[in-house]
Amino acid sequence: MKKIFFILLAIVPFYISGQNILDVYNASTSFYQGTAKSMAMGNAMSAVGSDFSSMSINPAGLGLYRSNSFVITPSIYNTYTKDNYNGTLSGDTKSKLSFNNFGIVCVEPEQNKVFRTTWAIGMNRVNNYNNDIYINGYNAENSLIDAYFEEIIDNGIQNSRMLEEYSPTYIYPLYQLYLIDFTSEGLVTPVPLGDIKQSKGVNSWGGTNEWTFSTSLSISDKLFFGISLNFPYMYSKRISDYKEEFVIDSRSYYWLQEEILNTSGWGLNSKIGILAYPTRWLRIGAAFHTPTIYNLTDAWKTETIADLGGHGEDFILTPTSYFNYSLRTPYRANAGAAFIIGNYGMITADYEFVDYRTIRLYSPIYNYVDYNNNIYNTFSYTMNIRLGTEWRYQNLCFRGGYALYGSPYGISDDNLRRDAFSCGIGYTKHFFTFDLAYVYSIQDNDYNLYSQYTAYYDMVAPNLVQERTNFHNIVMTFKFKVR
């Protein structure tokens, strides 16, 4: 009930612009998409270092580089999402070729055999939004229009003029296509109260690429300090199609609404870290990530189509609307240890603390005080745990890992929790290193079918969608030492 109450209150400002609470979470979280070595080891890199992914986790790890290097990491990203809606199973899949990172590392000569400085510049991907979802099933009790009726009544809307002012993009087009009408007896619709086929498709793509400038200072190769200045660029596009089909007097009818939402913008953050060798068999590291401050723009439009018989298909296409706002993501703090087992291998472990209650939104034209208070009262702090291992044999390295990304609703909640299992292999010959990794992740998400469209979804039957997404990621890193 806590999550449902939050969404009911908090969706209102984003309902104006097509956003929903899941979009805010996606923009505020990080599922590191680094090098093949890092991903094969569960991204447990806080105390490992000498890897380009260090800049996104603990920049002090750059100090363990011994030579200038260039790195590039292409990856194949596949998702398969399976949904259960009213007992009907459906699913969809999507594959995408992208680059997890690329960049260059420069190691300056030692000064007095004590100090050494390392610099790096490049890009690390910290999130991936590519996914396809398809839901369908029969509803014997209600329609999305029933939830719209509840919203119209609760807001005291009594005619089409008031409806156009209140919701020109989503509900008013239904009035224009005769799906909703105001009469002396109240609201009416030709759509039956149940016994309809409902379907929804969501095609989304994009990601967050963090462009970074990092440096690390090594002191006698025992103590390392690092800092990075980062400029993440977020781009997300989502096309959603919601459709209802029904039969009256042996004739088929339908209505459909398509929404296209683009979100893009730049942000700024910094990461500060430390890494140390207390003994030959142990490295420890810790880092603090400041919140990212984004300046984002939403661009959205809808197209509503209806075939109610008589004169065929009609449609209403709304003009593109724009909304500018700022988003502050949570801060992060992580700590880790790497246990070194001679020249044979290592075992690593990371703990990361994230407080999603600290998400904040700002706009010069909208007051987000109530919304931000609801975020604090409903979201919670959580933890991410990452484990990894690496074992060497001659020129080969064998790796494995596991990562748990906690739910934004709290450590004990399973909704939106992600579990990732990984393995990989690496090969080094002279100046060239090739790493290969495979990562398999699982994430569950339960939600109401109508929740993307109206805050009044819980005024009708539950309409629960039970969703599981399987992520498959094949990652290849090419690393070249440069003299």
# chains A, B, ... in the order shown; residues from 1 in each chain; ligands from 1
>>> residues_around(residues="Ile272 of chain A", least_positions_apart="4", cutoff="6 Å", atoms="only C-alpha atoms", output="ChimeraX atom specification")
/A:226-227,287-288
>>> residues_around(residues="Pro168 of chain A", least_positions_apart="3", cutoff="12 Å", atoms="only C-alpha atoms", output="list in words")
Tyr15, Ile16, Ser17, Ser160, Arg161, Met162, Leu163, Glu164, Glu165, Ile171, Tyr172, Pro173, Leu174, Tyr175, Gln176, Lys301, Thr302, Glu303, Thr304, Ile316, Leu317, Thr318, Pro319, Thr320 and Ser321 of chain A
>>> residues_around(residues="Leu396 of chain A", least_positions_apart="5", cutoff="12 Å", atoms="only C-alpha atoms", output="list in words")
Tyr344, Gly345, Glu390, Trp391, Gly424, Ile425, Gly426, Tyr427, Thr428, Lys429, Thr433, Phe434, Asp435 and Leu436 of chain A
>>> atom_distance(atom1="atom CA of Thr358 of chain A", atom2="atom CA of Arg328 of chain A")
8.0 Å
>>> atom_distance(atom1="atom CA of Asp195 of chain A", atom2="atom CA of Val465 of chain A")
17.7 Å
>>> residues_around(residues="Gly91 of chain A", least_positions_apart="6", cutoff="6 Å", atoms="only C-alpha atoms", output="ChimeraX atom specification")
/A:81-83,134
>>> write_last_selection(atoms="all heavy atoms", output="compact mmCIF listing (two decimals), in the first residue's frame")
# COMPACT_ATOMS: atom_id res chain seq x y z
N THR A 81 11.56 -9.88 -21.76
CA THR A 81 10.62 -9.52 -20.71
C THR A 81 9.37 -10.38 -20.84
O THR A 81 8.73 -10.41 -21.89
CB THR A 81 10.24 -8.04 -20.78
OG1 THR A 81 11.43 -7.25 -20.65
CG2 THR A 81 9.28 -7.67 -19.66
N LYS A 82 9.02 -11.06 -19.75
CA LYS A 82 7.85 -11.93 -19.71
C LYS A 82 6.84 -11.34 -18.74
O LYS A 82 7.18 -10.95 -17.62
CB LYS A 82 8.25 -13.34 -19.28
CG LYS A 82 7.10 -14.33 -19.23
CD LYS A 82 7.62 -15.75 -19.00
CE LYS A 82 8.31 -15.88 -17.66
NZ LYS A 82 8.74 -17.26 -17.37
N ASP A 83 5.56 -11.27 -19.16
CA ASP A 83 4.51 -10.66 -18.35
C ASP A 83 3.36 -11.63 -18.16
O ASP A 83 3.02 -12.42 -19.06
CB ASP A 83 3.99 -9.38 -19.02
CG ASP A 83 5.03 -8.29 -19.03
OD1 ASP A 83 5.12 -7.55 -18.04
OD2 ASP A 83 5.75 -8.16 -20.04
N TYR A 134 5.66 -6.46 -24.00
CA TYR A 134 4.35 -6.68 -24.60
C TYR A 134 3.46 -7.38 -23.59
O TYR A 134 3.83 -8.42 -23.03
CB TYR A 134 4.44 -7.51 -25.87
CG TYR A 134 3.08 -7.78 -26.49
CD1 TYR A 134 2.36 -6.75 -27.10
CD2 TYR A 134 2.50 -9.04 -26.42
CE1 TYR A 134 1.11 -6.98 -27.64
CE2 TYR A 134 1.25 -9.28 -26.97
CZ TYR A 134 0.55 -8.25 -27.58
OH TYR A 134 -0.69 -8.47 -28.10
>>> closest_residue(among="A:Ala335, A:Ile152, A:Ile239, A:Met346", to="Ile260 of chain A", atoms="only C-alpha atoms")
A:Ile239
